[in-house]
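Raw target_23.tsv, TSV, C-alpha atoms and all ligand atoms:
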chain	number	residue	atom	x	y	z
M	1183	MET	CA	21.84	33.28	-4.76
M	1184	SER	CA	24.09	30.92	-2.89
M	1185	VAL	CA	22.63	28.69	-0.26
M	1186	ASP	CA	25.03	27.98	2.56
M	1187	THR	CA	23.02	26.00	5.05
M	1188	GLU	CA	20.00	23.79	5.19
M	1189	ALA	CA	18.23	26.55	7.12
M	1190	ASP	CA	18.87	28.95	4.22
M	1191	ALA	CA	17.53	26.38	1.82
M	1192	ALA	CA	14.40	25.87	3.88
M	1193	ALA	CA	13.87	29.60	4.28
M	1194	SER	CA	14.21	30.17	0.54
M	1195	GLY	CA	11.89	27.28	-0.24
M	1196	GLN	CA	14.68	25.35	-1.91
M	1197	GLY	CA	15.13	21.81	-0.82
M	1198	VAL	CA	11.59	21.67	0.58
M	1199	LYS	CA	10.28	18.57	-1.06
M	1200	PRO	CA	6.66	18.31	-2.13
M	1201	ALA	CA	4.70	15.34	-0.79
M	1202	ARG	CA	5.65	12.21	-2.63
M	1203	ILE	CA	1.98	11.48	-3.38
M	1204	ALA	CA	-0.54	14.32	-3.56
M	1205	ILE	CA	-4.20	13.57	-4.13
M	1206	SER	CA	-6.42	16.60	-4.51
M	1207	GLY	CA	-10.14	16.85	-5.05
M	1208	ALA	CA	-10.10	13.29	-6.37
M	1209	GLY	CA	-13.37	11.63	-7.35
M	1210	LYS	CA	-14.05	8.43	-9.26
M	1211	ARG	CA	-17.16	7.29	-11.12
M	1212	TYR	CA	-17.88	4.03	-12.89
M	1213	GLY	CA	-20.79	5.04	-15.13
M	1214	ASP	CA	-23.50	6.26	-12.75
M	1215	LEU	CA	-21.76	4.91	-9.67
M	1216	GLN	CA	-19.87	7.59	-7.76
M	1217	VAL	CA	-17.37	5.52	-5.77
M	1218	PHE	CA	-15.48	8.26	-3.92
M	1219	GLN	CA	-15.38	12.02	-4.03
M	1220	ASP	CA	-13.37	14.98	-2.86
M	1221	ILE	CA	-10.42	12.98	-1.57
M	1222	ASN	CA	-7.50	15.12	-0.45
M	1223	LEU	CA	-4.47	13.30	0.90
M	1224	GLU	CA	-0.73	13.76	0.97
M	1225	PHE	CA	1.73	10.96	1.63
M	1226	ASN	CA	5.32	11.78	2.44
M	1227	GLU	CA	8.63	10.10	1.91
M	1228	ARG	CA	9.33	7.35	4.42
M	1229	GLU	CA	5.73	7.18	5.51
M	1230	ILE	CA	3.45	4.19	5.87
M	1231	VAL	CA	-0.21	5.11	5.52
M	1232	THR	CA	-2.82	2.44	5.99
M	1233	VAL	CA	-6.29	2.74	4.50
M	1234	VAL	CA	-9.38	1.10	5.97
M	1235	GLY	CA	-13.02	1.30	5.00
M	1236	PRO	CA	-16.05	-0.91	4.43
M	1237	SER	CA	-16.05	-3.38	1.57
M	1238	GLY	CA	-16.91	-1.66	-1.70
M	1239	CYS	CA	-16.01	1.85	-0.51
M	1240	GLY	CA	-13.36	2.19	-3.20
M	1241	LYS	CA	-10.01	1.27	-1.60
M	1242	THR	CA	-8.81	-0.83	-4.53
M	1243	THR	CA	-10.11	1.78	-6.94
M	1244	LEU	CA	-8.17	4.49	-5.12
M	1245	LEU	CA	-4.94	2.42	-5.25
M	1246	ARG	CA	-5.43	1.82	-8.97
M	1247	CYS	CA	-5.88	5.55	-9.50
M	1248	ILE	CA	-2.69	6.26	-7.52
M	1249	ASP	CA	-0.84	3.67	-9.61
M	1250	GLY	CA	-2.07	5.29	-12.81
M	1251	LEU	CA	-3.84	2.11	-13.91
M	1252	MET	CA	-7.03	4.13	-14.31
M	1253	PRO	CA	-7.72	7.86	-14.32
M	1254	VAL	CA	-9.64	9.72	-11.62
M	1255	SER	CA	-12.90	11.30	-12.84
M	1256	ASP	CA	-12.34	14.55	-10.91
M	1257	GLY	CA	-9.33	16.17	-9.33
M	1258	GLU	CA	-5.84	14.76	-9.68
M	1259	VAL	CA	-3.21	12.40	-8.35
M	1260	ARG	CA	0.44	13.43	-8.53
M	1261	ILE	CA	3.51	11.43	-7.62
M	1262	GLU	CA	6.64	13.51	-7.16
M	1263	GLY	CA	4.83	16.27	-9.00
M	1264	ASP	CA	3.90	14.18	-12.05
M	1265	LEU	CA	0.26	13.75	-12.94
M	1266	MET	CA	-0.56	10.05	-12.78
M	1267	THR	CA	-2.21	9.06	-16.02
M	1268	GLN	CA	-0.31	5.81	-16.51
M	1269	PRO	CA	1.93	3.53	-14.47
M	1270	ARG	CA	5.41	4.92	-13.94
M	1271	GLU	CA	8.81	3.84	-12.80
M	1272	GLY	CA	9.35	3.84	-9.07
M	1273	VAL	CA	5.79	2.87	-8.21
M	1274	ALA	CA	5.05	-0.79	-7.51
M	1275	MET	CA	1.87	-2.54	-6.48
M	1276	VAL	CA	1.30	-5.76	-4.57
M	1277	PHE	CA	-2.08	-7.28	-5.31
M	1278	GLN	CA	-4.30	-9.20	-2.95
M	1279	HIS	CA	-4.19	-12.41	-4.95
M	1280	PHE	CA	-0.45	-12.49	-5.48
M	1281	GLY	CA	-0.66	-11.98	-9.26
M	1282	LEU	CA	2.05	-14.57	-9.94
M	1283	PHE	CA	2.50	-16.34	-13.26
M	1284	PRO	CA	1.82	-20.03	-12.64
M	1285	TRP	CA	4.15	-21.10	-15.45
M	1286	LYS	CA	7.12	-19.10	-14.15
M	1287	THR	CA	9.43	-20.13	-11.33
M	1288	VAL	CA	10.03	-17.99	-8.24
M	1289	THR	CA	13.16	-16.53	-9.84
M	1290	GLN	CA	11.32	-15.75	-13.08
M	1291	ASN	CA	8.35	-14.23	-11.24
M	1292	VAL	CA	10.57	-12.04	-9.08
M	1293	GLY	CA	12.58	-10.91	-12.10
M	1294	TYR	CA	9.58	-10.27	-14.30
M	1295	GLY	CA	9.12	-6.58	-13.49
M	1296	LEU	CA	12.81	-5.91	-14.02
M	1297	LYS	CA	12.72	-7.70	-17.37
M	1298	LEU	CA	9.71	-5.61	-18.44
M	1299	ALA	CA	11.59	-2.49	-17.39
M	1300	GLY	CA	14.41	-3.46	-19.77
M	1301	VAL	CA	16.98	-4.20	-17.06
M	1302	SER	CA	19.95	-6.22	-18.38
M	1303	ARG	CA	20.13	-9.98	-17.86
M	1304	ALA	CA	23.28	-9.59	-15.77
M	1305	GLU	CA	21.65	-7.08	-13.45
M	1306	ILE	CA	18.54	-9.24	-13.07
M	1307	ASP	CA	20.71	-12.26	-12.24
M	1308	GLU	CA	22.44	-10.20	-9.60
M	1309	LYS	CA	19.38	-8.58	-8.04
M	1310	VAL	CA	16.83	-11.37	-7.96
M	1311	PRO	CA	18.67	-13.66	-5.49
M	1312	TYR	CA	19.04	-10.73	-3.09
M	1313	PHE	CA	15.29	-10.08	-3.00
M	1314	VAL	CA	14.42	-13.78	-2.91
M	1315	LYS	CA	16.61	-14.06	0.18
M	1316	LEU	CA	15.22	-10.87	1.70
M	1317	VAL	CA	11.71	-12.33	1.81
M	1318	GLY	CA	12.94	-15.71	3.03
M	1319	LEU	CA	12.45	-17.76	-0.13
M	1320	GLU	CA	16.02	-18.95	-0.45
M	1321	GLY	CA	16.05	-22.54	-1.61
M	1322	PHE	CA	12.79	-22.15	-3.53
M	1323	GLU	CA	14.21	-20.29	-6.54
M	1324	SER	CA	13.28	-22.87	-9.13
M	1325	VAL	CA	9.87	-24.00	-7.91
M	1326	TYR	CA	6.53	-22.92	-9.38
M	1327	PRO	CA	3.79	-21.05	-7.48
M	1328	TYR	CA	1.61	-24.17	-7.10
M	1329	GLN	CA	4.45	-25.71	-5.10
M	1330	LEU	CA	4.42	-22.81	-2.63
M	1331	SER	CA	2.14	-22.15	0.33
M	1332	GLY	CA	-0.08	-19.05	0.27
M	1333	GLY	CA	2.32	-17.20	2.54
M	1334	MET	CA	5.25	-18.09	0.29
M	1335	GLN	CA	3.35	-16.95	-2.78
M	1336	GLN	CA	2.68	-13.67	-1.03
M	1337	ARG	CA	6.40	-13.33	-0.24
M	1338	CYS	CA	7.14	-13.95	-3.90
M	1339	GLY	CA	4.73	-11.18	-4.94
M	1340	LEU	CA	6.36	-8.90	-2.39
M	1341	ALA	CA	9.87	-9.74	-3.67
M	1342	ARG	CA	8.77	-8.93	-7.22
M	1343	ALA	CA	7.55	-5.48	-6.12
M	1344	LEU	CA	10.62	-4.82	-3.93
M	1345	ALA	CA	12.98	-5.86	-6.73
M	1346	MET	CA	11.84	-2.77	-8.61
M	1347	GLU	CA	13.28	-0.75	-5.70
M	1348	PRO	CA	10.21	1.45	-5.70
M	1349	SER	CA	9.98	4.79	-3.98
M	1350	VAL	CA	6.24	4.16	-3.69
M	1351	LEU	CA	4.82	0.77	-2.75
M	1352	LEU	CA	1.07	0.29	-3.02
M	1353	MET	CA	-0.34	-2.76	-1.26
M	1354	ASP	CA	-3.90	-4.01	-1.61
M	1355	GLU	CA	-4.72	-6.25	1.35
M	1356	PRO	CA	-1.45	-8.07	0.80
M	1357	PHE	CA	-1.87	-10.48	3.69
M	1358	ALA	CA	-5.61	-11.12	3.49
M	1359	ALA	CA	-5.26	-14.59	2.02
M	1360	VAL	CA	-2.81	-16.07	4.52
M	1361	ASP	CA	-3.44	-17.62	7.93
M	1362	ALA	CA	-3.20	-15.53	11.11
M	1363	GLN	CA	0.28	-16.71	12.17
M	1364	THR	CA	1.78	-16.25	8.72
M	1365	ARG	CA	0.16	-12.87	8.52
M	1366	GLU	CA	1.80	-11.75	11.73
M	1367	ILE	CA	5.19	-13.01	10.56
M	1368	LEU	CA	4.82	-11.21	7.22
M	1369	GLN	CA	3.73	-7.97	8.90
M	1370	PHE	CA	6.87	-7.82	11.01
M	1371	GLU	CA	9.06	-8.91	8.12
M	1372	LEU	CA	7.64	-6.17	5.96
M	1373	LEU	CA	8.36	-3.64	8.72
M	1374	ARG	CA	11.92	-4.99	8.99
M	1375	ILE	CA	12.39	-4.68	5.21
M	1376	TRP	CA	10.93	-1.19	5.30
M	1377	GLU	CA	13.42	-0.16	8.03
M	1378	MET	CA	16.24	-1.28	5.72
M	1379	ARG	CA	14.77	0.44	2.69
M	1380	PRO	CA	12.22	3.08	3.72
M	1381	MET	CA	9.76	4.24	1.08
M	1382	THR	CA	6.27	5.67	0.83
M	1383	MET	CA	3.87	2.83	1.45
M	1384	VAL	CA	0.10	2.93	1.03
M	1385	PHE	CA	-1.35	-0.17	2.59
M	1386	VAL	CA	-5.01	-1.13	2.23
M	1387	THR	CA	-6.32	-3.59	4.78
M	1388	HIS	CA	-9.53	-4.90	6.30
M	1389	SER	CA	-7.77	-5.59	9.58
M	1390	ILE	CA	-7.96	-2.75	12.08
M	1391	GLU	CA	-5.09	-4.27	14.10
M	1392	GLU	CA	-2.93	-4.39	11.00
M	1393	ALA	CA	-3.82	-0.81	10.09
M	1394	VAL	CA	-2.76	0.47	13.52
M	1395	LEU	CA	0.30	-1.78	13.76
M	1396	MET	CA	1.71	-0.89	10.34
M	1397	GLY	CA	0.63	2.70	9.84
M	1398	ASP	CA	2.16	6.01	10.76
M	1399	ARG	CA	-1.32	7.23	9.91
M	1400	VAL	CA	-4.61	5.43	9.38
M	1401	VAL	CA	-6.99	6.88	6.80
M	1402	VAL	CA	-10.62	5.90	7.31
M	1403	LEU	CA	-12.80	6.03	4.20
M	1404	LYS	CA	-16.54	6.13	4.79
M	1405	GLY	CA	-19.84	6.99	3.19
M	1406	ARG	CA	-21.52	6.41	-0.13
M	1407	PRO	CA	-19.89	7.83	-2.15
M	1408	SER	CA	-16.96	7.56	0.21
M	1409	SER	CA	-14.52	10.23	1.26
M	1410	VAL	CA	-11.92	10.58	3.99
M	1411	PHE	CA	-13.84	10.46	7.25
M	1412	GLU	CA	-10.84	10.68	9.53
M	1413	THR	CA	-7.05	10.48	9.48
M	1414	ILE	CA	-5.59	9.13	12.69
M	1415	ASP	CA	-1.97	9.72	13.66
M	1416	VAL	CA	-0.54	6.57	15.16
M	1417	ASP	CA	1.70	7.81	17.94
M	1418	LEU	CA	3.22	4.44	18.81
M	1419	PRO	CA	6.94	4.01	19.36
M	1420	ALA	CA	9.13	2.84	16.48
M	1421	PRO	CA	10.24	0.35	15.43
M	1422	ARG	CA	7.02	-1.58	15.79
M	1423	ASP	CA	7.38	-5.15	16.92
M	1424	ARG	CA	5.39	-7.76	18.83
M	1425	SER	CA	5.56	-5.69	22.01
M	1426	THR	CA	3.62	-2.95	20.19
M	1427	LEU	CA	0.58	-5.21	20.25
M	1428	ALA	CA	0.59	-5.14	24.06
M	1429	HIS	CA	1.01	-1.35	24.28
M	1430	PRO	CA	-2.01	0.34	25.98
M	1431	ARG	CA	-1.98	3.04	23.28
M	1432	PHE	CA	-2.27	0.32	20.63
M	1433	ALA	CA	-5.51	-0.87	22.25
M	1434	GLU	CA	-6.85	2.69	22.44
M	1435	LEU	CA	-6.14	3.40	18.78
M	1436	ARG	CA	-7.58	0.07	17.69
M	1437	GLU	CA	-10.79	0.78	19.61
M	1438	HIS	CA	-10.97	4.25	18.12
M	1439	VAL	CA	-10.72	2.98	14.54
M	1440	TRP	CA	-13.07	0.12	15.32
M	1441	ALA	CA	-15.77	2.44	16.71
M	1442	THR	CA	-15.43	4.73	13.69
M	1443	LEU	CA	-15.93	1.87	11.26
M	1444	MET	CA	-18.61	0.03	13.22
M	1445	ASP	CA	-21.00	2.99	13.02
M	1446	GLU	CA	-21.00	2.51	9.28
M	1447	VAL	CA	-21.38	-1.26	9.43
M	1448	ARG	CA	-24.30	-0.94	11.85
M	1449	ALA	CA	-25.95	1.66	9.60
M	1450	ALA	CA	-25.58	-0.71	6.63
M	1451	GLU	CA	-27.12	-3.56	8.67
M	1452	PHE	CA	-30.03	-1.32	9.60
M	1453	ASP	CA	-30.56	-0.46	5.91
M	1454	VAL	CA	-30.73	-4.16	5.04
M	1455	ARG	CA	-33.32	-4.85	7.78
X	1501	LIG	N1	-14.09	-1.94	-13.13
X	1501	LIG	C1	-15.21	-1.62	-12.49
X	1501	LIG	N2	-16.34	-1.30	-13.18
X	1501	LIG	C2	-17.47	-0.94	-12.53
X	1501	LIG	N3	-17.59	-0.87	-11.19
X	1501	LIG	C3	-16.53	-1.19	-10.46
X	1501	LIG	C4	-15.28	-1.58	-11.06
X	1501	LIG	N4	-14.39	-1.84	-10.08
X	1501	LIG	C5	-15.05	-1.63	-8.92
X	1501	LIG	N5	-16.32	-1.24	-9.14
X	1501	LIG	C6	-17.30	-0.85	-8.11
X	1501	LIG	O1	-16.76	0.22	-7.38
X	1501	LIG	C7	-17.00	0.07	-5.99
X	1501	LIG	C8	-15.68	0.10	-5.24
X	1501	LIG	O2	-14.95	-1.08	-5.56
X	1501	LIG	P1	-13.53	-1.36	-4.94
X	1501	LIG	O3	-13.08	-2.66	-5.46
X	1501	LIG	O4	-12.66	-0.19	-5.15
X	1501	LIG	O5	-13.89	-1.45	-3.39
X	1501	LIG	P2	-13.00	-1.89	-2.15
X	1501	LIG	O6	-13.13	-0.84	-1.12
X	1501	LIG	O7	-11.65	-2.24	-2.61
X	1501	LIG	O8	-13.77	-3.19	-1.65
X	1501	LIG	P3	-13.19	-4.50	-0.91
X	1501	LIG	O9	-12.89	-4.05	0.49
X	1501	LIG	O10	-14.33	-5.46	-0.95
X	1501	LIG	O11	-11.98	-4.97	-1.65
X	1501	LIG	C9	-17.81	-1.20	-5.84
X	1501	LIG	O12	-19.17	-0.85	-5.76
X	1501	LIG	C10	-17.54	-1.97	-7.11
X	1501	LIG	O13	-18.64	-2.73	-7.48
X	1502	MG	MG	-10.52	-4.02	-2.65

Represent the supplied structure as structure tokens.
Amino acid sequence: MSVDTEADAAASGQGVKPARIAISGAGKRYGDLQVFQDINLEFNEREIVTVVGPSGCGKTTLLRCIDGLMPVSDGEVRIEGDLMTQPREGVAMVFQHFGLFPWKTVTQNVGYGLKLAGVSRAEIDEKVPYFVKLVGLEGFESVYPYQLSGGMQQRCGLARALAMEPSVLLMDEPFAAVDAQTREILQFELLRIWEMRPMTMVFVTHSIEEAVLMGDRVVVLKGRPSSVFETIDVDLPAPRDRSTLAHPRFAELREHVWATLMDEVRAAEFDVR
């Protein structure tokens, strides 16, 4: 059959891409501890999904399962149709505590993933400066992490992940360890970088503001074991910038997520009493 138009392709099912990340019936146990269960989520191309939930509800665990660093106990995680049983090309993760090598310079840290992936020296030498510049670390190429501020270390971790040119970027509270002003700068820089190079981003955060600001959708995990309590579409205008923070809809969404999470926190407090 020949397909003449996009409409034909859509009608015939051709060219209709599956979700980039598909999580179905996923559950995870550590021994007797059931961390989460029955998680069903789909993340599309060019979509930023933020994930919030109380401490210990399994956000990091879920990211590690998506990355293929550990298997789910039930159900499955697929990226572009492939079952995730081990890390794969095109999927990068930014960890909360930077994960930099203290004995490597900025250039060496940023190029490390490429080197592991077997990229040629010449290509690494060409790519690394671009990503160092992209995150604003120009001039710091040959310094070591201890000579960088927390925000700069976080930029370095981000450059290392971006240098892999991932189609999926997983971020575990990437800005939790930096001060409030730096955090705001990094949030907008990440959005700017994303506009230049859109990808599927799954972004775990403890900050409700950050979740609403960054996300096209906010996934709220709740319960013990946890599961998806609610998925909130963030219908704020794009691109997001500082003016977004003053948007009345931003305040409404933030309050909505806050109320959803606070129920759980209050219940936990009551348990303790
Ligand atoms: N490797 C492990 N072995 C056993 N239990 C684990 C392991 N990793 C995490 N856990 C447990 O699983 C639960 C979920 O942990 P996880 O780190 O995924 O939570 P989280 O939502 O990321 O929390 P936080 O918001 O504090 O980072 C916790 O009860 C934790 O103690
Ligand atoms: Mg965590």

Item to complete: Could I get the residue neighbourhood of ligand LIG 1501 (chain X) at 9 Å, counting all atoms listed in the file, as a PyMOL selection string?
Response: chain M and resi 1210-1213+1215-1218+1234-1246+1278+1354-1355+1386-1388+1403

How many Å separate CA of Ile1248 (chain M) from CA of Arg1228 (chain M)?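 Result for CA of Ile1248 (chain M) versus CA of Arg1228 (chain M): 17.0 Å, one decimal.
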
re CA of Leu1340 (chain M) and CA of Glu1258 (chain M): distance 27.6 Å

Across M:Gly1295, M:Asp1398, M:Val1288, M:Val1416, the smallest distance to Gly1321 (chain M), with all atoms listed in the file counted, is shown by M:Val1288

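Each of M:Leu1427, M:Val1384, M:Met1346, M:Val1401 was compared to Glu1366 (chain M) using only C-alpha atoms, and M:Leu1427 turns out to be the nearest.
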
M:Gly1332, M:Asp1423, M:Gln1290, M:Trp1376 ranked by distance to Arg1303 (chain M), top pick (using all atoms listed in the file):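 Closest to Arg1303 (chain M), using all atoms listed in the file: M:Gln1290.
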
re CA of Gly1257 (chain M) and CA of Val1350 (chain M): distance 20.5 Å

Please provide the set of residues having any atom within 7 Å of Ser1409 (chain M), restricted to all atoms listed in the file, with same-chain residues fewer than 3 positions apart removed, written as number ranges by chain. M: 1218-1221, 1403-1405

Could you write out the selected residues, including C-alpha atoms, as an mmCIF file, in the coordinates of the input?
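And here's out_30.cif as it stands now:
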data_model
loop_
_atom_site.group_PDB
_atom_site.id
_atom_site.type_symbol
_atom_site.label_atom_id
_atom_site.label_comp_id
_atom_site.auth_asym_id
_atom_site.auth_seq_id
_atom_site.Cartn_x
_atom_site.Cartn_y
_atom_site.Cartn_z
ATOM 1 C CA PHE M 1218 -15.480 8.260 -3.920
ATOM 2 C CA GLN M 1219 -15.380 12.020 -4.030
ATOM 3 C CA ASP M 1220 -13.370 14.980 -2.860
ATOM 4 C CA ILE M 1221 -10.420 12.980 -1.570
ATOM 5 C CA LEU M 1403 -12.800 6.030 4.200
ATOM 6 C CA LYS M 1404 -16.540 6.130 4.790
ATOM 7 C CA GLY M 1405 -19.840 6.990 3.190
#

If I put a ball of radius 12 Å at (3.3, -23.3, -15.4) in the file's coordinates, which residues poke into it when counting all atoms listed in the file, written as a PyMOL selection string?
chain M and resi 1282-1288+1290-1291+1324-1329

Write out as a list in words each polymer residue whose atoms come within 12 Å of Ala1433 (chain M), counting all atoms listed in the file; drop sequence neighbours fewer than 5 positions from it.
->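 Those residues are Ile1390, Glu1391, Val1394, Leu1395, Val1416, Leu1418, Thr1426, Leu1427, Ala1428, His1438, Val1439 and Trp1440 of chain M.
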